[in-house]
Each structure stands twice: as structure tokens, then as C-alpha cells.
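Listing of start_29.cif, mmCIF, C-alpha atoms
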```cif
data_coords
loop_
_atom_site.label_atom_id
_atom_site.label_comp_id
_atom_site.auth_asym_id
_atom_site.auth_seq_id
_atom_site.Cartn_x
_atom_site.Cartn_y
_atom_site.Cartn_z
CA MET V 1 -83.59 -118.61 8.90
CA SER V 2 -80.10 -117.42 9.48
CA THR V 3 -79.05 -114.19 11.11
CA ARG V 4 -77.19 -111.83 8.87
CA GLY V 5 -73.50 -111.42 9.73
CA GLU V 6 -70.82 -108.99 8.72
CA HIS V 7 -69.13 -111.16 6.09
CA GLN V 8 -68.68 -110.12 2.49
CA THR V 9 -71.14 -111.33 -0.09
CA VAL V 10 -69.87 -112.53 -3.41
CA PRO V 11 -71.93 -111.08 -6.29
CA LEU V 12 -73.74 -113.76 -8.29
CA SER V 13 -72.21 -112.60 -11.56
CA VAL V 14 -68.71 -112.90 -10.10
CA LEU V 15 -69.40 -116.41 -8.82
CA LEU V 16 -70.71 -117.61 -12.16
CA LYS V 17 -67.91 -115.94 -14.12
CA ARG V 18 -65.36 -117.51 -11.79
CA GLU V 19 -66.96 -120.90 -12.33
CA LEU V 20 -67.13 -120.58 -16.11
CA ALA V 21 -63.61 -119.14 -16.37
CA SER V 22 -62.00 -122.23 -14.86
CA GLU V 23 -61.64 -125.09 -17.31
CA LYS V 24 -61.45 -127.54 -14.38
CA ILE V 25 -64.90 -126.63 -13.02
CA GLU V 26 -67.72 -128.40 -14.82
CA ASP V 27 -71.41 -128.56 -14.02
CA PRO V 28 -72.04 -131.16 -11.32
CA GLU V 29 -73.26 -134.68 -11.83
CA ILE V 30 -76.77 -135.08 -10.42
CA VAL V 31 -77.82 -138.43 -8.97
CA HIS V 32 -81.17 -138.73 -7.20
CA GLY V 33 -83.35 -141.24 -5.42
CA LEU V 34 -86.96 -141.32 -4.20
CA ALA V 35 -88.82 -143.31 -1.56
CA SER V 36 -92.37 -142.98 -0.27
CA HIS V 37 -94.78 -144.81 2.04
CA SER V 38 -98.38 -143.85 1.37
CA LYS V 39 -101.15 -143.56 3.97
CA LYS V 40 -103.57 -141.13 2.30
CA GLY V 41 -102.15 -140.97 -1.24
CA GLU V 42 -101.70 -137.18 -1.09
CA ASP V 43 -97.90 -136.86 -1.57
CA PHE V 44 -96.63 -136.17 -5.11
CA THR V 45 -93.17 -135.46 -6.50
CA LEU V 46 -91.57 -133.88 -9.57
CA LEU V 47 -88.10 -135.06 -10.62
CA LYS V 48 -86.70 -133.54 -13.82
CA THR V 49 -83.02 -133.49 -14.72
CA GLU V 50 -81.41 -131.92 -17.77
CA CYS V 51 -84.26 -129.53 -18.56
CA GLN V 52 -83.09 -127.51 -21.55
CA ARG V 53 -83.06 -123.72 -21.69
CA ALA V 54 -82.21 -121.81 -24.86
CA LEU V 55 -79.37 -119.30 -24.86
CA GLY V 56 -78.24 -116.95 -27.57
CA ASP V 57 -75.58 -119.41 -28.75
CA GLY V 58 -76.95 -122.78 -27.71
CA PHE V 59 -78.56 -124.53 -24.77
CA THR V 60 -77.89 -124.99 -21.08
CA THR V 61 -79.57 -127.41 -18.70
CA PHE V 62 -81.03 -127.23 -15.22
CA SER V 63 -82.70 -129.70 -12.87
CA VAL V 64 -85.96 -129.45 -10.93
CA PHE V 65 -87.07 -131.37 -7.84
CA GLY V 66 -90.43 -130.78 -6.19
CA LEU V 67 -92.36 -132.27 -3.28
CA PHE V 68 -96.09 -131.58 -2.93
CA ASP V 69 -97.69 -132.80 0.31
CA GLY V 70 -101.44 -132.48 -0.13
CA HIS V 71 -104.14 -132.26 2.52
CA ASN V 72 -107.93 -132.42 2.44
CA GLY V 73 -107.61 -134.27 -0.87
CA SER V 74 -105.00 -134.58 -3.61
CA ALA V 75 -106.33 -132.09 -6.19
CA ALA V 76 -104.10 -129.16 -5.18
CA ALA V 77 -100.95 -131.29 -5.05
CA ILE V 78 -101.63 -132.78 -8.50
CA TYR V 79 -102.47 -129.42 -10.05
CA THR V 80 -99.37 -127.77 -8.58
CA LYS V 81 -97.12 -130.60 -9.77
CA GLU V 82 -98.48 -130.22 -13.30
CA ASN V 83 -98.45 -126.40 -13.55
CA LEU V 84 -95.99 -124.76 -11.15
CA LEU V 85 -92.83 -125.20 -13.24
CA ASN V 86 -94.44 -123.75 -16.38
CA ASN V 87 -95.77 -120.80 -14.39
CA VAL V 88 -92.32 -120.09 -12.95
CA LEU V 89 -90.58 -120.33 -16.32
CA SER V 90 -93.23 -118.09 -17.92
CA ALA V 91 -92.37 -115.38 -15.38
CA ILE V 92 -88.69 -115.32 -16.45
CA PRO V 93 -87.98 -112.90 -19.31
CA ALA V 94 -86.66 -114.36 -22.55
CA ASP V 95 -83.11 -113.98 -23.88
CA LEU V 96 -81.35 -113.78 -20.53
CA ASN V 97 -77.82 -115.05 -20.12
CA ARG V 98 -77.00 -117.60 -17.46
CA ASP V 99 -76.31 -115.33 -14.51
CA GLU V 100 -79.30 -113.08 -15.35
CA TRP V 101 -81.58 -116.13 -15.54
CA VAL V 102 -80.46 -117.35 -12.12
CA ALA V 103 -80.80 -113.85 -10.64
CA ALA V 104 -84.38 -113.61 -11.97
CA LEU V 105 -85.44 -116.90 -10.34
CA PRO V 106 -86.44 -115.58 -6.87
CA ARG V 107 -89.00 -113.13 -8.29
CA ALA V 108 -90.20 -115.67 -10.89
CA LEU V 109 -90.77 -118.28 -8.18
CA VAL V 110 -92.96 -115.88 -6.20
CA ALA V 111 -94.99 -115.07 -9.33
CA GLY V 112 -95.27 -118.76 -10.26
CA PHE V 113 -96.49 -119.80 -6.81
CA VAL V 114 -99.12 -117.04 -6.65
CA LYS V 115 -100.38 -117.68 -10.20
CA THR V 116 -100.63 -121.43 -9.53
CA ASP V 117 -102.65 -120.77 -6.37
CA LYS V 118 -104.90 -118.21 -8.09
CA ASP V 119 -105.60 -120.50 -11.06
CA PHE V 120 -106.28 -123.52 -8.84
CA GLN V 121 -108.71 -121.64 -6.61
CA GLN V 122 -110.73 -120.68 -9.68
CA ARG V 123 -111.51 -124.39 -9.99
CA ALA V 124 -113.40 -124.11 -6.66
CA LYS V 125 -111.70 -127.13 -5.10
CA THR V 126 -110.97 -126.96 -1.39
CA SER V 127 -107.82 -129.09 -1.00
CA GLY V 128 -104.40 -127.61 -0.36
CA THR V 129 -100.76 -128.57 -0.59
CA THR V 130 -97.37 -127.71 0.83
CA VAL V 131 -94.62 -127.17 -1.74
CA THR V 132 -90.86 -127.51 -1.59
CA PHE V 133 -89.49 -126.66 -5.03
CA LEU V 134 -85.82 -126.77 -5.98
CA ILE V 135 -84.13 -125.53 -9.16
CA LEU V 136 -80.47 -126.42 -9.67
CA GLU V 137 -78.57 -124.52 -12.37
CA GLY V 138 -74.88 -125.41 -12.43
CA TRP V 139 -73.68 -125.04 -8.85
CA VAL V 140 -76.43 -122.58 -7.87
CA VAL V 141 -79.47 -124.00 -6.08
CA THR V 142 -82.67 -122.01 -5.52
CA VAL V 143 -85.33 -123.38 -3.15
CA ALA V 144 -88.87 -122.01 -2.72
CA SER V 145 -91.16 -123.38 -0.04
CA VAL V 146 -94.59 -123.01 1.55
CA GLY V 147 -95.80 -125.27 4.35
CA ASP V 148 -93.89 -127.75 6.48
CA SER V 149 -92.02 -129.96 4.04
CA ARG V 150 -88.34 -129.13 4.26
CA CYS V 151 -85.09 -129.12 2.31
CA ILE V 152 -81.64 -129.50 3.86
CA PHE V 153 -78.17 -129.65 2.33
CA GLU V 154 -75.00 -131.19 3.71
CA SER V 155 -71.82 -130.05 2.00
CA ALA V 156 -68.94 -132.45 1.42
CA GLU V 157 -67.07 -130.44 4.04
CA GLY V 158 -69.69 -131.34 6.67
CA GLY V 159 -71.73 -128.13 7.00
CA ILE V 160 -75.53 -128.50 7.26
CA TYR V 161 -77.76 -125.83 5.69
CA HIS V 162 -81.53 -125.40 6.02
CA LEU V 163 -82.81 -124.14 2.66
CA SER V 164 -86.54 -123.93 3.44
CA ALA V 165 -88.77 -122.42 6.12
CA ASP V 166 -91.31 -124.10 8.41
CA HIS V 167 -94.67 -122.34 8.11
CA ARG V 168 -96.39 -124.15 10.95
CA LEU V 169 -98.28 -121.68 13.11
CA GLU V 170 -96.97 -123.43 16.21
CA CYS V 171 -93.41 -122.26 15.60
CA ASN V 172 -93.81 -118.97 13.71
CA GLU V 173 -94.95 -116.01 15.80
CA GLU V 174 -94.55 -113.53 12.93
CA GLU V 175 -96.94 -115.51 10.75
CA ARG V 176 -99.49 -115.78 13.58
CA HIS V 177 -99.47 -112.00 13.90
CA ARG V 178 -99.85 -111.54 10.13
CA ILE V 179 -102.90 -113.82 10.01
CA THR V 180 -104.70 -112.20 12.92
CA ALA V 181 -103.95 -108.74 11.49
CA SER V 182 -105.52 -109.87 8.19
CA GLY V 183 -108.75 -111.05 9.82
CA GLY V 184 -108.06 -114.68 10.69
CA GLU V 185 -108.09 -116.34 14.10
CA VAL V 186 -105.35 -118.53 15.54
CA GLY V 187 -106.04 -121.03 18.30
CA ARG V 188 -106.17 -124.67 19.28
CA LEU V 189 -109.07 -127.05 18.79
CA ASN V 190 -111.74 -126.52 21.46
CA ALA V 191 -112.49 -129.91 23.01
CA GLY V 192 -115.30 -128.55 25.19
CA GLY V 193 -115.34 -127.30 28.75
CA GLY V 194 -112.63 -124.77 27.96
CA ALA V 195 -110.04 -127.42 27.12
CA GLU V 196 -107.87 -126.81 24.06
CA ILE V 197 -105.91 -129.58 22.34
CA GLY V 198 -103.54 -130.09 19.44
CA PRO V 199 -101.36 -127.63 17.52
CA LEU V 200 -102.22 -124.02 16.79
CA ARG V 201 -104.56 -123.72 13.82
CA CYS V 202 -106.03 -120.98 11.66
CA TRP V 203 -109.80 -120.51 11.88
CA PRO V 204 -112.06 -120.90 10.02
CA GLY V 205 -110.83 -124.14 8.46
CA GLY V 206 -108.48 -125.49 11.09
CA LEU V 207 -105.27 -125.47 9.02
CA CYS V 208 -102.08 -125.59 11.10
CA LEU V 209 -100.03 -123.90 8.35
CA SER V 210 -99.78 -120.21 7.50
CA ARG V 211 -98.78 -120.72 3.85
CA SER V 212 -99.82 -123.21 1.20
CA ILE V 213 -101.23 -123.47 -2.31
CA GLY V 214 -105.00 -123.96 -2.42
CA ASP V 215 -107.04 -124.04 0.81
CA MET V 216 -109.63 -121.57 -0.45
CA ASP V 217 -111.99 -122.75 2.30
CA VAL V 218 -109.65 -121.47 5.02
CA GLY V 219 -109.25 -117.86 3.89
CA GLU V 220 -106.85 -116.00 1.67
CA PHE V 221 -104.63 -114.92 4.56
CA ILE V 222 -103.19 -118.44 4.11
CA VAL V 223 -100.89 -117.21 1.36
CA PRO V 224 -98.93 -118.97 -1.41
CA VAL V 225 -95.97 -116.55 -1.25
CA PRO V 226 -92.89 -118.76 -0.78
CA TYR V 227 -89.82 -118.38 1.34
CA VAL V 228 -86.94 -118.38 -1.16
CA LYS V 229 -83.29 -119.13 -0.54
CA GLN V 230 -80.55 -119.22 -3.17
CA VAL V 231 -77.01 -120.46 -2.57
CA LYS V 232 -73.94 -121.17 -4.64
CA LEU V 233 -72.60 -124.57 -3.62
CA SER V 234 -69.00 -125.57 -3.13
CA THR V 235 -67.64 -127.52 -6.10
CA ALA V 236 -66.90 -130.35 -3.68
CA GLY V 237 -70.63 -131.06 -3.85
CA GLY V 238 -72.89 -132.51 -1.19
CA ARG V 239 -76.22 -134.17 -0.47
CA MET V 240 -79.68 -132.59 -0.59
CA ILE V 241 -82.67 -134.09 1.27
CA ILE V 242 -86.24 -132.95 0.51
CA SER V 243 -88.85 -134.62 2.72
CA SER V 244 -92.43 -134.24 3.82
CA ASP V 245 -93.35 -133.62 7.46
CA GLY V 246 -93.70 -137.37 7.97
CA VAL V 247 -89.90 -137.49 8.03
CA TRP V 248 -89.19 -134.30 9.96
CA ASP V 249 -91.73 -135.12 12.68
CA ALA V 250 -89.58 -138.15 13.50
CA LEU V 251 -85.99 -137.22 12.57
CA THR V 252 -83.70 -134.23 12.97
CA ALA V 253 -81.59 -133.11 10.03
CA GLU V 254 -78.53 -134.74 11.58
CA GLU V 255 -80.38 -138.03 12.16
CA ALA V 256 -81.67 -138.11 8.59
CA LEU V 257 -78.18 -137.54 7.19
CA ASP V 258 -76.45 -139.95 9.56
CA CYS V 259 -78.81 -142.87 8.99
CA CYS V 260 -77.97 -143.01 5.27
CA ARG V 261 -74.29 -142.11 5.37
CA GLY V 262 -72.37 -143.59 2.43
CA MET V 263 -75.48 -144.97 0.69
CA PRO V 264 -76.41 -144.11 -2.92
CA PRO V 265 -79.43 -141.79 -3.23
CA ASP V 266 -82.12 -144.42 -3.88
CA ALA V 267 -81.05 -146.53 -0.90
CA ALA V 268 -80.57 -143.39 1.20
CA ALA V 269 -84.13 -142.18 0.54
CA ALA V 270 -85.54 -145.61 1.43
CA GLN V 271 -83.49 -145.72 4.65
CA ILE V 272 -84.65 -142.26 5.75
CA VAL V 273 -88.31 -143.21 5.24
CA LYS V 274 -87.74 -146.49 7.07
CA GLU V 275 -86.18 -144.70 10.04
CA ALA V 276 -88.98 -142.10 10.10
CA VAL V 277 -91.84 -144.60 10.27
CA LYS V 278 -90.11 -147.09 12.61
CA PRO V 279 -90.92 -145.46 16.01
CA LYS V 280 -94.71 -145.09 15.63
CA GLY V 281 -95.58 -146.79 12.37
CA LEU V 282 -96.99 -145.14 9.25
CA ARG V 283 -99.30 -142.33 10.40
CA ASP V 284 -99.04 -140.01 7.40
CA ASP V 285 -97.75 -140.02 3.84
CA THR V 286 -93.98 -140.06 4.21
CA THR V 287 -91.85 -139.10 1.20
CA CYS V 288 -88.15 -138.43 0.74
CA ILE V 289 -86.07 -137.23 -2.21
CA VAL V 290 -82.27 -137.49 -1.96
CA VAL V 291 -80.14 -135.60 -4.46
CA ASP V 292 -76.37 -136.01 -4.60
CA ILE V 293 -74.59 -133.09 -6.26
CA LEU V 294 -71.16 -134.32 -7.30
CA PRO V 295 -68.08 -133.22 -9.18
CA GLN V 296 -67.98 -135.11 -12.46
CA GLU V 297 -65.09 -137.32 -11.39
CA LYS V 298 -66.62 -138.31 -8.03
CA PRO V 299 -68.43 -141.66 -7.39
CA ALA V 300 -72.19 -141.65 -6.88
CA ALA V 301 -72.08 -142.57 -3.17
CA LEU V 302 -70.82 -139.73 -1.01
CA PRO V 303 -68.10 -140.71 1.50
CA PRO V 304 -68.69 -139.80 5.14
CA PRO V 305 -67.72 -136.13 5.60
CA LYS V 306 -65.19 -134.96 8.11
CA LYS V 307 -66.68 -134.11 11.48
CA PRO V 308 -67.59 -130.40 11.31
CA VAL V 309 -65.68 -128.16 13.64
CA LYS V 310 -67.40 -125.66 15.91
CA GLY V 311 -68.47 -122.59 14.00
CA MET V 312 -68.21 -124.20 10.55
CA LEU V 313 -71.76 -123.19 9.61
CA LYS V 314 -71.06 -119.52 10.27
CA ALA V 315 -67.63 -119.63 8.63
CA MET V 316 -68.80 -121.33 5.44
CA PHE V 317 -72.08 -119.52 4.90
CA ARG V 318 -71.01 -116.05 3.84
CA LYS V 319 -73.57 -113.32 4.34
CA LYS V 320 -74.71 -110.27 2.47
CA ASN V 321 -73.10 -106.88 2.99
CA SER V 322 -74.15 -103.95 0.85
CA GLY V 323 -70.73 -102.38 1.25
CA SER V 324 -68.72 -105.33 -0.08
CA SER V 325 -66.33 -104.87 -2.99
CA SER V 326 -67.27 -106.36 -6.36
CA GLN V 327 -63.78 -106.77 -7.77
CA ASP V 328 -63.18 -110.27 -9.12
CA LYS V 329 -59.75 -110.61 -7.54
CA ASP V 330 -61.27 -110.45 -4.06
CA TYR V 331 -63.20 -113.64 -4.68
CA MET V 332 -60.90 -115.92 -6.64
CA GLU V 333 -59.60 -118.01 -3.72
CA PRO V 334 -62.48 -119.40 -1.64
CA ASP V 335 -64.68 -122.23 -2.96
CA VAL V 336 -67.27 -122.55 -0.24
CA VAL V 337 -71.04 -122.41 0.12
CA GLU V 338 -72.17 -118.82 -0.52
CA GLU V 339 -75.61 -117.35 0.25
CA LEU V 340 -76.85 -115.28 -2.68
CA PHE V 341 -80.47 -114.51 -1.73
CA GLU V 342 -82.89 -115.05 1.15
CA GLU V 343 -86.37 -113.57 1.60
CA GLY V 344 -89.46 -114.77 3.41
CA SER V 345 -91.85 -111.79 3.47
CA ALA V 346 -95.50 -112.60 2.75
CA TRP V 347 -96.13 -109.22 1.06
CA LEU V 348 -96.14 -109.10 -2.75
CA SER V 349 -95.19 -105.42 -2.71
CA GLU V 350 -91.86 -106.47 -1.18
CA ARG V 351 -91.31 -109.72 -3.07
CA LEU V 352 -91.96 -108.44 -6.61
CA ASP V 353 -90.19 -105.10 -6.21
CA THR V 354 -86.80 -105.86 -7.77
CA LYS V 355 -84.04 -103.25 -7.74
CA TYR V 356 -81.79 -101.94 -10.50
CA PRO V 357 -80.36 -103.53 -12.63
CA LEU V 358 -82.50 -106.66 -12.11
CA CYS V 359 -85.73 -104.70 -12.60
CA ASN V 360 -84.69 -103.85 -16.16
CA MET V 361 -84.90 -107.53 -17.15
CA PHE V 362 -88.68 -107.59 -16.63
CA LYS V 363 -91.19 -105.89 -18.92
CA LEU V 364 -92.77 -102.97 -17.09
CA PHE V 365 -96.28 -103.12 -18.57
CA MET V 366 -96.85 -106.83 -17.98
CA CYS V 367 -98.63 -108.26 -14.94
CA ALA V 368 -95.88 -109.35 -12.55
CA VAL V 369 -97.91 -112.43 -11.54
CA CYS V 370 -99.85 -113.79 -14.52
CA GLN V 371 -97.71 -112.16 -17.28
CA LEU V 372 -100.73 -110.54 -18.97
CA GLU V 373 -99.58 -107.73 -21.27
CA MET V 374 -101.19 -104.39 -20.47
CA LYS V 375 -101.26 -100.95 -21.99
CA PRO V 376 -99.65 -98.07 -20.06
CA GLY V 377 -102.10 -96.90 -17.43
CA GLU V 378 -104.04 -100.20 -17.25
CA GLY V 379 -101.94 -101.87 -14.57
CA ILE V 380 -102.11 -101.25 -10.83
CA SER V 381 -98.80 -100.66 -9.07
CA ILE V 382 -97.90 -103.21 -6.41
CA HIS V 383 -97.12 -100.21 -4.18
CA VAL V 384 -100.71 -98.96 -4.10
CA GLY V 385 -102.05 -99.22 -0.57
CA THR V 386 -98.66 -99.80 1.05
CA SER V 387 -97.17 -97.68 3.82
CA ASN V 388 -94.68 -96.15 1.38
CA PRO V 389 -95.27 -92.39 1.74
CA VAL V 390 -93.64 -91.50 -1.61
CA LYS V 391 -96.06 -90.30 -4.29
CA LEU V 392 -96.32 -92.92 -7.03
CA ARG V 393 -95.35 -91.99 -10.56
CA PRO V 394 -96.95 -93.61 -13.64
CA TRP V 395 -93.87 -95.78 -14.18
CA ASP V 396 -93.47 -96.94 -10.57
CA GLY V 397 -94.09 -100.63 -11.12
CA PRO V 398 -94.10 -103.54 -11.12
CA PHE V 399 -97.77 -103.65 -12.08
CA LEU V 400 -100.60 -106.13 -11.60
CA CYS V 401 -103.69 -106.73 -13.70
CA SER V 402 -107.01 -106.09 -11.94
CA SER V 403 -107.55 -109.80 -11.23
CA CYS V 404 -104.12 -110.31 -9.65
CA ASN V 405 -104.49 -107.07 -7.70
CA GLU V 406 -107.73 -108.42 -6.21
CA LYS V 407 -105.79 -111.52 -5.19
CA LYS V 408 -103.11 -109.35 -3.57
CA GLU V 409 -105.71 -107.34 -1.61
CA ALA V 410 -107.42 -110.49 -0.39
CA MET V 411 -104.08 -111.90 0.80
CA GLU V 412 -103.46 -108.69 2.73
CA GLY V 413 -106.91 -108.74 4.36
CA LYS V 414 -108.15 -105.67 2.45
CA ARG V 415 -111.25 -107.38 1.05
CA PRO V 416 -113.31 -110.44 2.05
CA SER V 417 -111.92 -113.73 0.83
CA GLY V 418 -113.93 -116.40 -0.99
CA ASN V 419 -116.33 -118.98 0.36
CA ARG V 420 -115.32 -120.62 3.60
CA HIS V 421 -116.33 -124.00 4.83
CA GLY V 422 -115.30 -126.18 7.71
CA SER V 423 -112.54 -128.69 7.04
CA ASP V 424 -110.30 -131.16 8.81
CA SER V 425 -107.15 -130.01 7.09
CA ASP V 426 -103.76 -131.16 8.34
#
```

Here is the file; what I need is its structure written in the form of C-alpha cells.
Amino acid sequence: MSTRGEHQTVPLSVLLKRELASEKIEDPEIVHGLASHSKKGEDFTLLKTECQRALGDGFTTFSVFGLFDGHNGSAAAIYTKENLLNNVLSAIPADLNRDEWVAALPRALVAGFVKTDKDFQQRAKTSGTTVTFLILEGWVVTVASVGDSRCIFESAEGGIYHLSADHRLECNEEERHRITASGGEVGRLNAGGGAEIGPLRCWPGGLCLSRSIGDMDVGEFIVPVPYVKQVKLSTAGGRMIISSDGVWDALTAEEALDCCRGMPPDAAAAQIVKEAVKPKGLRDDTTCIVVDILPQEKPAALPPPKKPVKGMLKAMFRKKNSGSSSQDKDYMEPDVVEELFEEGSAWLSERLDTKYPLCNMFKLFMCAVCQLEMKPGEGISIHVGTSNPVKLRPWDGPFLCSSCNEKKEAMEGKRPSGNRHGSDSD
């Protein structure tokens, strides 16, 4: 995750209005490719372009790309592939305009991930899956992720951006603390005689991830709440790579991009997988999705970018500043990659609590996770049980139904989780 700087943030509405106001700026051309080498048969993908969304005066389209890397079986990955998109879209209020719809995506993605996990666990299956889920609407890309599959983007100008988070316990101290505080244990596999081997894992269960969908046998402190990042891309376009850990265990972001420079997406994806499995052979399912985001007049194969200068990442990735001006004239010149939203908290009370005016888009007396309509007084505020000292008023939502509130409490370690069994999860 990036460190927040002191640069101005461009409001989402201004960015979209600027884009729509210019007759020269059209929605990008999307060209994608997929490659996969299977060892266990537990990697699944979702590739959908030109999904239609109704507006007041017509339709607009968006694209969806998802990678689901299953473990301990394929059931969770298959279920998530088949249900996650519908659950996300169901959490977005109807009749929103384009910029409102995009602004509502981060909260809707959290709700969709949690609902998918809750519904799958009711099937009493013990497999789990990582998820990297990307929605592209015009030049705005929103990525939600749990687990250790990753998404990177290289702009045409040469900047490299990491749009997902790695939820391996080995490299995330904050997540290790959250799990132990919620009643889990974190440690390495005991090989006997006091010797410990392998990566850090969560016990019981032995999962080396802190977030996933499924994994009911491990404990509900392994949460499905995704890290979400939303950026507005430069209209020069760029290349997106979404890959499972089989790629990232072997290649850095720079190596993955360099090995397929100038290739079209299908050949690029195949080359990345080939390079990933070459050093040690195929040890795990290894999957790669390459998405080229191009101006309409550009060819499908991206030319090699100019060598990035020192400090380009910081200069191009503009950060949030609550004191920035919102006047359109301040933002008409630059056309660079802009960060719109970033949040990785595991707590639903923080992730579903949208501020004005965004909160007004969502119905108050509807479960913020499963979208169940409730009468006033039936729902339970997401703020109940938090450290917020302010006295709650009857309208201080968002609200959860009793079932989703039980899920929230289990994720926070406030009640025992479901049945636990031993597993050999990845």
C-alpha cells in the first residue's frame, strides 16, 4: 500500500465530467488474454467485457475480470466465480448516474464479498479461495482482493502501480495481530523436537492467508473483507496483469512486464506463465490474465514504454487531501493516473460506513450486506459494539440483519466461530 502524500486529490465527479466533456476522449478499447497451467485444477477465472448497465437515458458498459485461486478443493472458487458479481451488483442502488455508480463500488464490493462468503459457508463446505476482482468502467478501474493473487498496472508512461494487497501472514504484521486478538493462533508448522518449518500459518487449520472466501474450518477471523483500490487511469492507457501466486512466487512485477513487452495480451499471458514455471517446473496452478486498456485509435500490442524516471511513481499517483479545492478549472490540464479510493481495514463498521453525500445513495433500512429490507428498528447498527463513544441514534446506520450481524461478530472474535477441522490448506 502506498503512503499518503500531500498532493491534491481530484474529485471523482470532476474526473468523470472532464472525461465526458471532451469529445476526443472515448471509453478505452479493452483487449485481454488468458493463460493457465493446471496442477490441482483449483484456479478459475471470470472474463466479461461489455456488461450492460441501465441508465436513465440508455445504457453504459463495464468490464469485469476475476481470478479465483482455490485451496483445499475447488468448491469455493467455483461458487465465488458464479455468484460474486451478482452479489456486488445487488449491493449498488438502482438509478445511479455514472459517477455515482463508480463511487458506490467500494462499499458494494465489501458487501458482495461478505455475502458470498456467508452464503458459501452455509453450504458447509471447507474449501477456500483467494479473489482478485477488477471492474473497469470507462477509465476508472476498481480492484478488490483477498488472499495472495495480485493485480498490477503499468501505464503507457512507464509507471507501475500495485492495485491489490498481499494477505499472507508472513508479510503482514497488522493482520497477524488482528487474528491473535480475535482468538486465533499464528505460528509455523511444528516438525517435532521444537523445530518449526514453512511459512507462518493460522491455527487451527494451517492457512497461510489472513483473508479469503470460504475456509470455514479455519475460523471466522479469516475474513472475506477485501482490500479495495480505485484509480482513474491516464487516457494513454496501459497494461493490467492479474495473476495467481504461482506467478508472483517466481517473478517480480518488473520481470512479468518485461518478459512480455510488445506482445498482444494472449501471447503475453502465455509468456508470463512460461517464465514463472521455468525455474522449478509446475508446482502449483499458475494463471495469468493480461488486459490492455487502449485509446480507441491505438493498436492492440502496447509499444515498449519510455524508461521511467526516478520519482515517477510518486509524481503520477496523486494522493488524497481533504483540503483540496474542487473547482473544475484546477484539474483540466493533467491527464495522469489518479488515486480515487484506497482502504484495507478488516472491520465492517469502517468499510460500510459511507459519508455524506455517498451515504444518501443507499437505503437506510436495508441490510448493508445481504440487502434484506427491514422495518425501522429491526436492523442492528454496524456501530454497535465498536469503540465509538458517541451514543447511537435510531437512524445511525448502516444496519445489518440479525444473520449478517452474527457474521460480523464472529469475524471480530466476539462469538465462537463454526466447526473447525484440521486441513492442509495452502

Per-axis box centre and lengths in Å around range 105-117 of chain V, 6 Å margin per side, axis-aligned, as JSON:
```
{"center_x": -94.0, "center_y": -117.3, "center_z": -8.5, "size_x": 29.2, "size_y": 20.3, "size_z": 16.7}
```

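Minimum atom-to-atom distance to Leu136 in chain V, evaluated using all atoms listed in the file, belongs to V:Lys48 out of V:Lys81, V:Lys48, V:Lys115, V:His162.
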
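Distances from V:Cys367, V:Leu233, V:Ile241, V:Leu372 to Leu67 in chain V were compared using only C-alpha atoms, and the smallest one belongs to V:Ile241.
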
query: Distance CA of Ser212 in chain V-CA of Thr286 in chain V, one decimal place?
result: 18.1 Å

Selection result of the PyMOL selection byres ((chain V and resi 166) around 9) on this file, as a short mmCIF file (atom, residue, chain, number, x, y, z; two decimals) with C-alpha atoms, in the coordinates of the input:
```cif
data_model
loop_
_atom_site.label_atom_id
_atom_site.label_comp_id
_atom_site.auth_asym_id
_atom_site.auth_seq_id
_atom_site.Cartn_x
_atom_site.Cartn_y
_atom_site.Cartn_z
CA SER V 145 -91.16 -123.38 -0.04
CA VAL V 146 -94.59 -123.01 1.55
CA GLY V 147 -95.80 -125.27 4.35
CA ASP V 148 -93.89 -127.75 6.48
CA SER V 149 -92.02 -129.96 4.04
CA ARG V 150 -88.34 -129.13 4.26
CA SER V 164 -86.54 -123.93 3.44
CA ALA V 165 -88.77 -122.42 6.12
CA HIS V 167 -94.67 -122.34 8.11
CA ARG V 168 -96.39 -124.15 10.95
CA LEU V 169 -98.28 -121.68 13.11
CA CYS V 171 -93.41 -122.26 15.60
CA ASN V 172 -93.81 -118.97 13.71
CA LEU V 209 -100.03 -123.90 8.35
#
```

- request: Run through the PyMOL selection byres ((chain V and resi 376) around 10) on the given coordinates and return the selected residues as a ChimeraX atom specification.
  value: /V:364-366,373-375,377-379,394-395,399

Spatial neighbours of Arg239 in chain V, max dist 6 Å, only C-alpha atoms, sep filter under 6 positions, as a CSV table (one decimal) with C-alpha atoms, keeping the file's coordinate frame:
```csv
chain,number,residue,atom,x,y,z
V,153,PHE,CA,-78.2,-129.6,2.3
V,154,GLU,CA,-75.0,-131.2,3.7
V,291,VAL,CA,-80.1,-135.6,-4.5
V,292,ASP,CA,-76.4,-136.0,-4.6
```

message: Here is a test: counting all atoms listed in the file, which residue of V:Val231, V:Cys260, V:Cys151, V:Ala104 is nearest to Lys274 in chain V?
response: V:Cys260

message: From the options V:Phe62, V:Phe221, V:Tyr161, V:Trp203, which residue's atoms come nearest to Thr49 in chain V, counting only C-alpha atoms?
response: V:Phe62
